[in-house]
Amino acid sequence: MNLGSSNTPFVLVSASDFIKKMNRLKYQEQAKDLLQNFAKTQESFVNKQELFNFLSIISESISLKRGHDKVMPKDTKTALVFYYTLSHCSNIDKYIQGDKTIIYKHAEADPVLPEEVQLTLPALKRFKVIKTRLASLLDKRSMGKQEELEASILTLARLISREKEISRKTLDSSYNLLRILLFRTPLEEFDAANDFFHLLTSRKLFKMNTVKIQKKLEIRFMDTFHHIEGKRLAKDNIFPTLELERIGITKYPINTLFVTMAQLHGLRRNVDQVTVDDYNDVMEHFERLLSKFDFERRYYSIRPFCSMKKLYENAFNYGFKDDAKELIFRIRRSLTNSMINIVGKREFLFSHSNLVAKIITNIVTLSAIASYRRIENHSDITVRDVKQGIRAFYFLLREH
């Protein structure tokens, strides 16, 4: 299997060579401990070794995609988050069929998995064929990986089916999913899911929301970002379009982004209010941080960020691809559910009801900037742009 085909978004080596490279990887001690400790806590898995083997396979593939010569804690943490995300996915079959945004639609409750599973007779026959295929990919030194790959297929089958009996169809789906995760999923997919998970569970968002912005500073932001090119430009070439209003974007998106940055600045300085005296510090810190964010170099230019005028005239006039729009809706629903789970419905409604719209606006604004920087044609915001927006926003949140 050549991994450099048009169906793959990155170029690697053959499947057999990739598995050989995985087999040669060593583990940093803490990285292996993380996997073992996590597998032990998963009560729904009677066979903890089976789960451990699957997590090891994903960790090793992530490590190789990062160019590491050994599996590091960062690799295993990303693998653990991806497993959690996949286990909470409402429809894994859609992911297998190509809808990579479905994993951003988190289920509200933890999945209920059967403690033990059995393969039906047709599935057992099919599994023998799959084992033979796996063996054909391995040389003598890599034969130890056969057991781990088989365990990975069974683990994924359990997540897909959620039933005690695994059918042949489910087994085929899990085999296809394993191939997708190992050979056709670029590192950015794992990293975006990882950052979104941490965004969903971040309490810094709630703390940030309590920092007040002085009215003079709000006016200064408005003057800078919406009136600098004249009122006509501000009215005619600005978020939100009717389409974006339906998604829930706030009226002045750039202003929302910089108010967020100001609140993060206040949080960093441990103050209750940010004033107009902090304007220059907020601006400089934002530009410095965002220039550090590493947009995916295969798809995005490293040129300087565009001017405000260009943002209004170009980036903020983009439309949305249908799947990108659906991703925004899924992000919004997941954020709402997660925040209610963290602080409770009453606290959310009375104190943080504006927070979801604010986060979505930040992500969409950063997505527009990513789209403007895209090397290829950038007339619409794509799923990849939105994922870059998620990562950029979490980067800003994390770095404060």
# chains A, B, ... in the order shown; residues from 1 in each chain; ligands from 1

call {"tool": "residues_around", "arguments": {"residues": "Thr78 in chain A", "least_positions_apart": "6", "cutoff": "12 Å", "atoms": "only C-alpha atoms", "output": "number ranges by chain"}}
result
A: 31, 34-35, 55-56, 58-63, 66, 71-72, 84-85, 187-198

call {"tool": "closest_atom_pairs", "arguments": {"of": "range 50-121 of chain A", "to": "range 141-164 of chain A", "cutoff": "7 Å", "atoms": "only C-alpha atoms", "output": "Markdown table"}}
result
| residue | atom | partner | partner_atom | distance |
| --- | --- | --- | --- | --- |
| A:Glu50 | CA | A:Ala151 | CA | 5.0 |
| A:Leu51 | CA | A:Thr155 | CA | 6.4 |
| A:Asn53 | CA | A:Glu148 | CA | 4.9 |
| A:Phe54 | CA | A:Ser152 | CA | 4.3 |
| A:Ile57 | CA | A:Glu148 | CA | 7.0 |
| A:Ser87 | CA | A:Leu159 | CA | 6.0 |
| A:Ile92 | CA | A:Ile160 | CA | 6.1 |
| A:Leu113 | CA | A:Arg162 | CA | 5.3 |
| A:Pro114 | CA | A:Lys164 | CA | 5.8 |
| A:Glu116 | CA | A:Lys164 | CA | 6.5 |
| A:Val117 | CA | A:Lys164 | CA | 4.5 |
| A:Gln118 | CA | A:Lys164 | CA | 6.2 |

call {"tool": "write_last_selection", "arguments": {"atoms": "C-alpha atoms", "output": "CSV table (one decimal), in the first residue's frame"}}
result
chain,number,residue,atom,x,y,z
A,50,GLU,CA,-6.2,-5.2,24.5
A,51,LEU,CA,-6.9,-1.5,25.2
A,53,ASN,CA,-2.2,-2.4,22.7
A,54,PHE,CA,-4.5,-0.1,20.8
A,57,ILE,CA,-0.4,1.6,18.3
A,87,SER,CA,-15.4,6.8,22.3
A,92,ILE,CA,-18.2,6.5,14.2
A,113,LEU,CA,-19.6,-0.5,26.5
A,114,PRO,CA,-20.1,-4.2,27.0
A,116,GLU,CA,-17.0,-8.8,27.1
A,117,VAL,CA,-17.7,-9.2,23.4
A,118,GLN,CA,-17.9,-12.2,21.0

call {"tool": "closest_residue", "arguments": {"among": "A:Asn341, A:Thr275, A:Ser379, A:Thr260", "to": "Ile360 in chain A", "atoms": "only C-alpha atoms"}}
result
A:Thr260

call {"tool": "atom_distance", "arguments": {"atom1": "CA of Lys321 in chain A", "atom2": "CA of Arg398 in chain A"}}
result
28.5 Å

call {"tool": "closest_residue", "arguments": {"among": "A:Ile328, A:Ile213, A:Ala39, A:Ile369", "to": "Arg246 in chain A", "atoms": "only C-alpha atoms"}}
result
A:Ile328

call {"tool": "select_by_dssp", "arguments": {"residues": "range 60-127 of chain A", "states": "strand (DSSP E)", "output": "mmCIF file with N, CA and C atoms, in the first residue's frame"}}
result
data_model
loop_
_atom_site.group_PDB
_atom_site.id
_atom_site.type_symbol
_atom_site.label_atom_id
_atom_site.label_comp_id
_atom_site.auth_asym_id
_atom_site.auth_seq_id
_atom_site.Cartn_x
_atom_site.Cartn_y
_atom_site.Cartn_z
ATOM 1 N N LYS A 70 11.464 8.531 19.626
ATOM 2 C CA LYS A 70 10.907 7.697 20.691
ATOM 3 C C LYS A 70 9.527 8.258 21.050
ATOM 4 N N VAL A 71 8.699 7.424 21.639
ATOM 5 C CA VAL A 71 7.351 7.858 22.013
ATOM 6 C C VAL A 71 7.443 8.697 23.280
ATOM 7 N N GLN A 118 -18.182 -10.975 21.777
ATOM 8 C CA GLN A 118 -17.941 -12.212 21.026
ATOM 9 C C GLN A 118 -18.086 -11.920 19.544
ATOM 10 N N LEU A 119 -17.275 -12.589 18.753
ATOM 11 C CA LEU A 119 -17.382 -12.467 17.304
ATOM 12 C C LEU A 119 -18.388 -13.493 16.794
#
